[in-house]
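**Student:** The file below is model-v6.csv, CSV, C-alpha atoms:
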```csv
chain,number,residue,atom,x,y,z
P,1,MET,CA,288.6,122.0,190.4
P,2,GLN,CA,286.3,119.2,191.5
P,3,VAL,CA,282.9,119.3,189.9
P,4,PRO,CA,280.2,117.4,191.7
P,5,SER,CA,279.1,114.5,189.6
P,6,ASN,CA,275.5,114.2,188.8
P,7,GLU,CA,274.7,110.6,188.3
P,8,LEU,CA,272.4,110.5,185.3
P,9,VAL,CA,269.6,108.0,185.7
P,10,ARG,CA,267.8,107.5,182.5
P,11,PHE,CA,265.4,104.9,181.2
P,12,GLU,CA,264.1,104.4,177.7
P,13,TYR,CA,261.1,102.3,176.8
P,14,MET,CA,259.2,101.4,173.7
P,15,ILE,CA,255.8,99.8,173.6
P,16,ASP,CA,253.0,99.1,171.2
P,17,GLY,CA,250.2,101.6,171.7
P,18,ASN,CA,247.5,99.5,173.2
P,19,PRO,CA,246.2,99.1,176.8
P,20,ILE,CA,248.3,95.9,177.5
P,21,GLY,CA,251.5,97.7,176.3
P,22,VAL,CA,250.6,100.6,178.6
P,23,ARG,CA,250.2,98.3,181.6
P,24,SER,CA,253.5,96.7,180.9
P,25,LEU,CA,255.3,100.0,180.6
P,26,LEU,CA,253.8,101.3,183.8
P,27,GLY,CA,254.8,98.2,185.7
P,28,GLN,CA,258.3,98.4,184.4
P,29,LEU,CA,258.6,102.1,185.1
P,30,VAL,CA,257.4,101.8,188.7
P,31,ALA,CA,259.9,99.0,189.2
P,32,ASP,CA,262.7,100.9,187.7
P,33,LEU,CA,262.0,104.1,189.6
P,34,GLY,CA,261.3,102.2,192.8
P,35,LYS,CA,265.0,101.0,192.7
P,36,GLU,CA,266.1,104.6,192.7
P,37,GLN,CA,264.5,105.1,196.2
P,38,ILE,CA,261.8,107.5,195.1
P,39,ASP,CA,259.1,107.7,197.8
P,40,ALA,CA,255.8,106.0,197.4
P,41,GLY,CA,253.8,109.2,197.1
P,42,ALA,CA,255.9,110.4,194.2
P,43,LEU,CA,255.7,107.0,192.5
P,44,THR,CA,252.0,107.1,192.8
P,45,ASN,CA,252.0,110.5,191.0
P,46,VAL,CA,254.2,109.1,188.3
P,47,GLU,CA,252.0,106.2,187.7
P,48,ILE,CA,248.8,108.3,187.7
P,49,VAL,CA,250.2,110.8,185.2
P,50,PHE,CA,251.9,108.4,182.9
P,51,ALA,CA,248.8,106.2,182.7
P,52,GLU,CA,246.8,109.2,181.5
P,53,VAL,CA,249.5,110.4,179.0
P,54,LEU,CA,249.9,106.9,177.5
P,55,ASN,CA,246.1,106.3,177.4
P,56,ASN,CA,245.7,109.6,175.5
P,57,ILE,CA,248.2,108.5,172.9
P,58,VAL,CA,246.6,105.1,172.6
P,59,GLU,CA,243.0,106.4,172.3
P,60,HIS,CA,243.4,109.6,170.5
P,61,ALA,CA,246.7,109.7,168.6
P,62,TYR,CA,246.6,106.0,167.5
P,63,ARG,CA,242.8,105.4,167.7
P,64,ASP,CA,242.3,102.0,166.1
P,65,ASP,CA,246.0,101.3,165.4
P,66,LEU,CA,247.0,98.8,168.1
P,67,ASN,CA,250.6,98.6,167.0
P,68,GLY,CA,251.6,102.2,166.7
P,69,LYS,CA,254.8,102.6,168.7
P,70,ILE,CA,255.2,104.8,171.7
P,71,THR,CA,258.6,105.7,173.0
P,72,ALA,CA,259.3,107.2,176.4
P,73,THR,CA,262.4,108.6,178.0
P,74,VAL,CA,262.5,109.1,181.7
P,75,GLN,CA,265.4,110.9,183.5
P,76,ILE,CA,265.9,111.6,187.1
P,77,ILE,CA,267.6,115.0,187.6
P,78,GLY,CA,267.8,116.3,191.1
P,79,ASN,CA,264.4,116.4,192.6
P,80,CYS,CA,262.5,116.0,189.4
P,81,VAL,CA,261.8,113.2,187.0
P,82,LEU,CA,261.7,114.4,183.3
P,83,PHE,CA,259.5,112.6,180.9
P,84,GLN,CA,259.4,112.7,177.1
P,85,THR,CA,257.0,110.7,175.0
P,86,GLU,CA,257.0,110.4,171.2
P,87,ASP,CA,254.4,108.8,168.9
P,88,PHE,CA,253.5,108.9,165.3
P,89,GLY,CA,249.8,109.2,165.7
P,90,VAL,CA,247.5,112.0,164.7
P,91,ALA,CA,248.2,115.5,166.0
P,92,MET,CA,246.4,117.0,169.0
P,93,PRO,CA,243.4,119.1,167.9
P,94,GLN,CA,244.7,122.6,166.8
P,95,ASN,CA,248.2,121.2,167.5
P,96,ARG,CA,248.0,122.2,171.1
P,97,LEU,CA,247.3,120.8,174.6
P,98,PRO,CA,243.6,120.7,175.5
P,99,ARG,CA,242.3,123.3,177.9
P,100,ILE,CA,241.4,122.2,181.4
P,101,GLU,CA,237.7,122.0,182.1
P,102,SER,CA,236.5,122.1,185.6
P,103,LYS,CA,233.7,119.8,186.0
P,104,ASP,CA,230.4,120.5,187.8
P,105,LEU,CA,230.0,117.4,190.0
P,106,SER,CA,226.9,118.7,191.8
P,107,VAL,CA,224.7,117.5,189.0
P,108,ASP,CA,222.3,114.5,189.2
P,109,VAL,CA,224.0,111.1,189.0
P,110,ILE,CA,222.6,110.7,185.4
P,111,SER,CA,224.5,113.7,184.3
P,112,LEU,CA,227.9,112.9,185.9
P,113,PRO,CA,230.8,112.8,183.5
P,114,GLU,CA,232.4,109.5,182.7
P,115,GLY,CA,235.5,110.9,181.0
P,116,GLY,CA,237.7,113.9,180.6
P,117,PHE,CA,239.4,113.5,184.0
P,118,GLY,CA,242.7,112.6,182.5
P,119,TRP,CA,244.1,116.0,181.5
P,120,ASN,CA,243.1,117.5,184.9
P,121,LEU,CA,245.1,114.8,186.6
P,122,ILE,CA,248.1,115.5,184.3
P,123,HIS,CA,248.0,119.2,184.9
P,124,GLU,CA,247.6,118.8,188.7
P,125,LEU,CA,250.7,116.6,189.1
P,126,THR,CA,253.1,117.8,186.4
P,127,GLN,CA,255.2,120.9,185.8
P,128,GLU,CA,256.4,122.3,182.5
P,129,LEU,CA,254.0,120.3,180.4
P,130,ARG,CA,254.7,121.0,176.7
P,131,TYR,CA,253.5,119.5,173.4
P,132,ARG,CA,255.1,119.8,170.0
P,133,ARG,CA,254.2,118.4,166.6
P,134,VAL,CA,257.4,117.9,164.6
P,135,ASP,CA,256.9,116.4,161.1
P,136,GLU,CA,254.8,113.3,161.7
P,137,ARG,CA,255.6,113.0,165.4
P,138,ASN,CA,253.9,114.1,168.6
P,139,MET,CA,256.3,115.0,171.4
P,140,LEU,CA,255.1,115.6,174.9
P,141,LYS,CA,257.4,116.7,177.7
P,142,PHE,CA,256.7,117.2,181.4
P,143,SER,CA,258.3,116.8,184.8
P,144,ILE,CA,257.2,115.5,188.1
P,145,LYS,CA,258.6,116.5,191.4
P,146,ILE,CA,259.9,113.7,193.6
W,1,MET,CA,237.3,90.8,185.1
W,2,GLN,CA,236.7,88.9,188.3
W,3,LEU,CA,234.0,90.3,190.5
W,4,HIS,CA,232.4,88.4,193.4
W,5,SER,CA,229.0,89.3,194.7
W,6,GLU,CA,227.3,88.5,198.1
W,7,THR,CA,224.0,89.6,199.5
W,8,TYR,CA,223.5,91.2,202.8
W,9,SER,CA,220.2,92.3,204.5
W,10,ASP,CA,220.2,95.7,203.0
W,11,ALA,CA,223.0,95.8,200.5
W,12,LEU,CA,224.7,93.9,197.7
W,13,LEU,CA,228.4,93.6,198.2
W,14,ILE,CA,230.6,93.3,195.1
W,15,THR,CA,234.2,92.5,195.7
W,16,VAL,CA,236.6,93.4,192.9
W,17,GLN,CA,239.2,90.6,192.6
W,18,GLU,CA,241.5,92.5,190.3
W,19,THR,CA,244.4,94.8,191.1
W,20,ARG,CA,243.7,97.4,188.4
W,21,ILE,CA,240.6,99.1,187.0
W,22,ASP,CA,242.3,100.8,184.1
W,23,ALA,CA,241.9,101.4,180.4
W,24,ALA,CA,242.5,97.7,179.7
W,25,ALA,CA,239.8,96.6,182.2
W,26,ALA,CA,237.3,99.5,182.2
W,27,ILE,CA,234.8,98.1,179.7
W,28,ALA,CA,234.8,94.6,181.2
W,29,PHE,CA,234.3,96.2,184.7
W,30,LYS,CA,231.3,98.2,183.6
W,31,ASP,CA,229.8,95.2,181.7
W,32,LYS,CA,230.3,92.8,184.6
W,33,MET,CA,228.8,95.3,187.0
W,34,ARG,CA,225.7,95.7,184.8
W,35,GLU,CA,225.2,91.9,185.1
W,36,LEU,CA,225.7,91.7,188.8
W,37,THR,CA,223.5,94.7,189.6
W,38,ASP,CA,220.6,93.6,187.5
W,39,ASN,CA,218.4,93.2,190.6
W,40,GLU,CA,216.5,95.2,193.1
W,41,PHE,CA,219.1,96.0,195.7
W,42,ALA,CA,218.9,99.7,196.5
W,43,ARG,CA,222.4,99.8,198.0
W,44,VAL,CA,225.4,98.3,196.1
W,45,VAL,CA,228.7,98.4,197.9
W,46,VAL,CA,231.9,97.9,195.8
W,47,ASP,CA,234.9,96.6,197.8
W,48,LEU,CA,238.1,97.9,196.2
W,49,GLU,CA,240.5,96.4,198.8
W,50,SER,CA,242.4,94.4,196.1
W,51,VAL,CA,242.6,97.3,193.7
W,52,ASP,CA,245.8,99.3,193.9
W,53,PHE,CA,245.3,101.3,190.7
W,54,VAL,CA,242.5,103.2,189.1
W,55,ASP,CA,243.1,105.5,186.1
W,56,SER,CA,240.6,108.0,184.6
W,57,SER,CA,239.1,105.2,182.4
W,58,GLY,CA,238.5,103.1,185.5
W,59,LEU,CA,237.0,106.1,187.3
W,60,GLY,CA,234.7,106.6,184.4
W,61,ALA,CA,233.7,103.0,184.5
W,62,ILE,CA,232.9,103.2,188.2
W,63,VAL,CA,230.8,106.3,187.5
W,64,GLY,CA,229.2,104.4,184.6
W,65,ALA,CA,228.4,101.5,186.9
W,66,MET,CA,226.7,103.9,189.3
W,67,LYS,CA,224.6,105.4,186.5
W,68,GLN,CA,223.6,101.9,185.3
W,69,LEU,CA,221.9,101.3,188.7
W,70,GLY,CA,219.2,103.8,187.8
W,71,ALA,CA,217.1,106.0,190.0
W,72,GLY,CA,216.6,105.3,193.7
W,73,ARG,CA,219.7,103.1,193.9
W,74,LYS,CA,223.1,104.0,195.4
W,75,LEU,CA,226.7,102.8,194.6
W,76,GLU,CA,229.0,103.1,197.5
W,77,LEU,CA,232.7,102.3,197.7
W,78,ALA,CA,234.9,100.6,200.4
W,79,SER,CA,238.5,100.1,201.2
W,80,LEU,CA,240.2,102.5,198.8
W,81,SER,CA,243.9,102.1,198.8
W,82,PRO,CA,246.0,105.3,199.0
W,83,ASN,CA,246.7,105.4,195.2
W,84,VAL,CA,243.1,105.0,194.4
W,85,GLU,CA,242.0,107.5,197.1
W,86,LYS,CA,244.4,110.0,195.5
W,87,VAL,CA,242.8,109.8,192.1
W,88,PHE,CA,239.3,110.2,193.6
W,89,ARG,CA,240.5,113.2,195.6
W,90,LEU,CA,242.3,114.9,192.8
W,91,THR,CA,239.3,114.6,190.5
W,92,ARG,CA,237.0,115.6,193.4
W,93,MET,CA,235.0,112.4,192.7
W,94,ASP,CA,235.4,111.6,196.4
W,95,SER,CA,232.5,114.1,196.9
W,96,VAL,CA,230.3,112.1,194.6
W,97,PHE,CA,230.5,108.7,196.3
W,98,THR,CA,230.0,107.5,199.8
W,99,ILE,CA,233.3,105.9,200.7
W,100,HIS,CA,233.6,103.4,203.6
W,101,ASP,CA,236.8,102.4,205.3
W,102,THR,CA,235.9,98.7,205.1
W,103,ALA,CA,233.3,96.7,203.3
W,104,MET,CA,232.1,95.2,206.6
W,105,SER,CA,231.4,98.6,208.0
W,106,ALA,CA,229.3,99.4,205.0
W,107,VAL,CA,227.2,96.2,204.9
W,108,GLU,CA,227.2,95.2,208.6
W,109,PRO,CA,227.6,98.4,210.5
W,110,ASN,CA,226.0,97.1,213.7
W,111,LYS,CA,228.2,94.1,214.1
W,112,LEU,CA,230.7,94.6,216.9
W,113,ALA,CA,234.3,94.1,215.8
W,114,GLY,CA,235.9,91.1,217.4
```
Can I see the file as structure tokens?
**Tutor:**
Amino acid sequence: MQVPSNELVRFEYMIDGNPIGVRSLLGQLVADLGKEQIDAGALTNVEIVFAEVLNNIVEHAYRDDLNGKITATVQIIGNCVLFQTEDFGVAMPQNRLPRIESKDLSVDVISLPEGGFGWNLIHELTQELRYRRVDERNMLKFSIKI
Amino acid sequence: MQLHSETYSDALLITVQETRIDAAAAIAFKDKMRELTDNEFARVVVDLESVDFVDSSGLGAIVGAMKQLGAGRKLELASLSPNVEKVFRLTRMDSVFTIHDTAMSAVEPNKLAG
């Protein structure tokens, strides 16, 4: 019996957890996925989400440690891209994903938020977002439709 | 962080000469904006034509740059690329800023195209 073959497209990356490492990973990922003929809108979503995920690891998990390693695995399966990131930074507060906060933007300019947009962007554009703390590792998994 | 500024009759036009306003660049952007807007222009237009990526840190820095202007002054944006426009739309920050298609339409709206 012929079984349709699923070509497995998978990329693995490792960077130092700092903003320059994040830029380089994003550039490489967009180039790698671009070769797989993923459309521009989906690539935008990937870059938006992954920038937020990586920035969170750099700022909150690794804080002042500019050399903490972040590994990322990216797999294209059907009409989804599956992501997994691992880092050895501090755990998420209460060992779980932060709640979404909807922001009141009708306030005066002086009171506008300058942060906290990241998790909303992640939730908007991903499916199956999951976080686990295993031993000394943070593991985040999510998928993005393409 | 390369920003270029030009004065017009009723606005200060600041052109961002970087492709990304992201976590690596956010603080430098906000600091440079503070320097360039340390004047009396009531309207400051930021031309983002060269910028193809803004993350939440960059967005926060743009909000911060607006707050730095102080009362009675406005920060407006121009030439948002599709990627950047998407981030503003998903965060609903497109409702907070006046967004122009082009920098020229923001600073010289009465000039006929030609």
**Student:** So that I can check the surroundings of region 11-25 of chain W, please list as an MDAnalysis selection string every protein, DNA and RNA residue that reaches within 9 Å of it, counting only C-alpha atoms and ignoring chain neighbours fewer than 3 positions away.
**Tutor:** (chainID P and resid 18:20 22:23 51 55) or (chainID W and resid 1:8 28:30 33 36:37 41:59 61:62 103 106:107)
**Student:** Any idea what's packed within 7 Å of region 109-115 of chain P, counting only C-alpha atoms, ignoring anything in its chain fewer than 2 positions away? Could you give it as a list in words?
**Tutor:**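 Within the cut-off, the hits are Leu105, Val107 and Phe117 of chain P; Ser56, Ser57, Gly60, Ala61, Val63, Gly64 and Lys67 of chain W.
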**Student:** Hey, what's within 9 Å of region 81-91 of chain P if we count only C-alpha atoms and toss same-chain stuff fewer than 2 positions away? As a PDB file with C-alpha atoms, in the frame of the given file, please?
**Tutor:**
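The new file result-v8.pdb reads:
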```pdb
ATOM      1  CA  GLY P  17     250.200 101.600 171.700  1.00  0.00           C
ATOM      2  CA  VAL P  46     254.200 109.100 188.300  1.00  0.00           C
ATOM      3  CA  PHE P  50     251.900 108.400 182.900  1.00  0.00           C
ATOM      4  CA  VAL P  53     249.500 110.400 179.000  1.00  0.00           C
ATOM      5  CA  LEU P  54     249.900 106.900 177.500  1.00  0.00           C
ATOM      6  CA  ILE P  57     248.200 108.500 172.900  1.00  0.00           C
ATOM      7  CA  VAL P  58     246.600 105.100 172.600  1.00  0.00           C
ATOM      8  CA  HIS P  60     243.400 109.600 170.500  1.00  0.00           C
ATOM      9  CA  ALA P  61     246.700 109.700 168.600  1.00  0.00           C
ATOM     10  CA  TYR P  62     246.600 106.000 167.500  1.00  0.00           C
ATOM     11  CA  ARG P  63     242.800 105.400 167.700  1.00  0.00           C
ATOM     12  CA  ASP P  65     246.000 101.300 165.400  1.00  0.00           C
ATOM     13  CA  GLY P  68     251.600 102.200 166.700  1.00  0.00           C
ATOM     14  CA  LYS P  69     254.800 102.600 168.700  1.00  0.00           C
ATOM     15  CA  ILE P  70     255.200 104.800 171.700  1.00  0.00           C
ATOM     16  CA  THR P  71     258.600 105.700 173.000  1.00  0.00           C
ATOM     17  CA  ALA P  72     259.300 107.200 176.400  1.00  0.00           C
ATOM     18  CA  THR P  73     262.400 108.600 178.000  1.00  0.00           C
ATOM     19  CA  VAL P  74     262.500 109.100 181.700  1.00  0.00           C
ATOM     20  CA  GLN P  75     265.400 110.900 183.500  1.00  0.00           C
ATOM     21  CA  ILE P  76     265.900 111.600 187.100  1.00  0.00           C
ATOM     22  CA  ILE P  77     267.600 115.000 187.600  1.00  0.00           C
ATOM     23  CA  GLY P  78     267.800 116.300 191.100  1.00  0.00           C
ATOM     24  CA  ASN P  79     264.400 116.400 192.600  1.00  0.00           C
ATOM     25  CA  PRO P  93     243.400 119.100 167.900  1.00  0.00           C
ATOM     26  CA  GLN P  94     244.700 122.600 166.800  1.00  0.00           C
ATOM     27  CA  ASN P  95     248.200 121.200 167.500  1.00  0.00           C
ATOM     28  CA  ARG P  96     248.000 122.200 171.100  1.00  0.00           C
ATOM     29  CA  ARG P 133     254.200 118.400 166.600  1.00  0.00           C
ATOM     30  CA  GLU P 136     254.800 113.300 161.700  1.00  0.00           C
ATOM     31  CA  ARG P 137     255.600 113.000 165.400  1.00  0.00           C
ATOM     32  CA  ASN P 138     253.900 114.100 168.600  1.00  0.00           C
ATOM     33  CA  MET P 139     256.300 115.000 171.400  1.00  0.00           C
ATOM     34  CA  LEU P 140     255.100 115.600 174.900  1.00  0.00           C
ATOM     35  CA  LYS P 141     257.400 116.700 177.700  1.00  0.00           C
ATOM     36  CA  PHE P 142     256.700 117.200 181.400  1.00  0.00           C
ATOM     37  CA  SER P 143     258.300 116.800 184.800  1.00  0.00           C
ATOM     38  CA  ILE P 144     257.200 115.500 188.100  1.00  0.00           C
ATOM     39  CA  LYS P 145     258.600 116.500 191.400  1.00  0.00           C
ATOM     40  CA  ILE P 146     259.900 113.700 193.600  1.00  0.00           C
TER      41      ILE P 146
END
```
**Student:** Can you work out which one of W:Ser9, W:Asn83, W:Thr102, W:Asn110 has the shortest atom-to-atom distance to chain P, counting all atoms listed in the file?
**Tutor:**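 Selected residue with least distance to chain P: W:Asn83.
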**Student:** Of the residues W:Ala78, W:Met104, W:Leu69, W:Ile99, which is the one nearest to chain P, using all atoms listed in the file?
**Tutor:**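 Counting all atoms listed in the file, the residue closest to chain P is W:Leu69.
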**Student:** Between CA of Asn45 (chain P) and CA of Gly21 (chain P), measure the distance and give it in Å to one decimal.
**Tutor:**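 Separation between CA of Asn45 (chain P) and CA of Gly21 (chain P): 19.5 Å.
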**Student:** In Å, rounded to a single decimal, give me how far CA of Leu121 (chain P) is from CA of Lys74 (chain W).
**Tutor:**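 Computing it gives 26.0 Å between the two atoms.
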**Student:** Would you mind reading off the distance between CA of Arg89 (chain W) and CA of Arg34 (chain W), one decimal, in Å?
**Tutor:**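 CA of Arg34 (chain W) lies at a distance of 25.3 Å from CA of Arg89 (chain W).
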**Student:** Please identify all polymer residues within 12 Å of Leu33 (chain P), counting all atoms listed in the file, omitting same-chain residues fewer than 3 positions from it, and present them as a list in words.
**Tutor:**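 Here the qualifying residues turn out to be Val9, Arg10, Phe11, Leu25, Leu26, Gly27, Gln28, Leu29, Val30, Glu36, Gln37, Ile38, Asp39, Ala40, Ala42, Leu43, Thr44, Asn45, Val46, Glu47, Val74, Gln75, Ile76, Cys80, Val81 and Ile146 of chain P.
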**Student:** Have a look at P:Met92, P:Lys35, P:Val49, P:Leu66 and name the one nearest to Val134 (chain P); count only C-alpha atoms.
**Tutor:** P:Met92
**Student:** Glu101 (chain P): which residues within 9 Å, counting only C-alpha atoms, same-chain residues fewer than 5 positions away excluded, as a list in words?
**Tutor:**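 My reading of the contact set: Gly116, Phe117, Trp119 and Asn120 of chain P.
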**Student:** Using all atoms listed in the file, which of the listed residues (W:Asp10, W:Asp101, W:Ala26, W:Asn39) sits closest to Leu77 (chain W)?
**Tutor:**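 With all atoms listed in the file as the atom set, the closest residue is W:Asp101.
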**Student:** Considering only C-alpha atoms, can you say which of P:Asp108, P:Leu97, P:Leu8, P:Asn56 comes closest to Arg132 (chain P)?
**Tutor:**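 Among P:Asp108, P:Leu97, P:Leu8, P:Asn56, it is P:Leu97 that comes nearest to Arg132 (chain P).
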**Student:** Using all atoms listed in the file, which of the listed residues (W:Pro82, W:Phe88, W:Glu35, W:Glu76) sits closest to His100 (chain W)?
**Tutor:**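 Comparing W:Pro82, W:Phe88, W:Glu35, W:Glu76 against His100 (chain W), the winner is W:Glu76.
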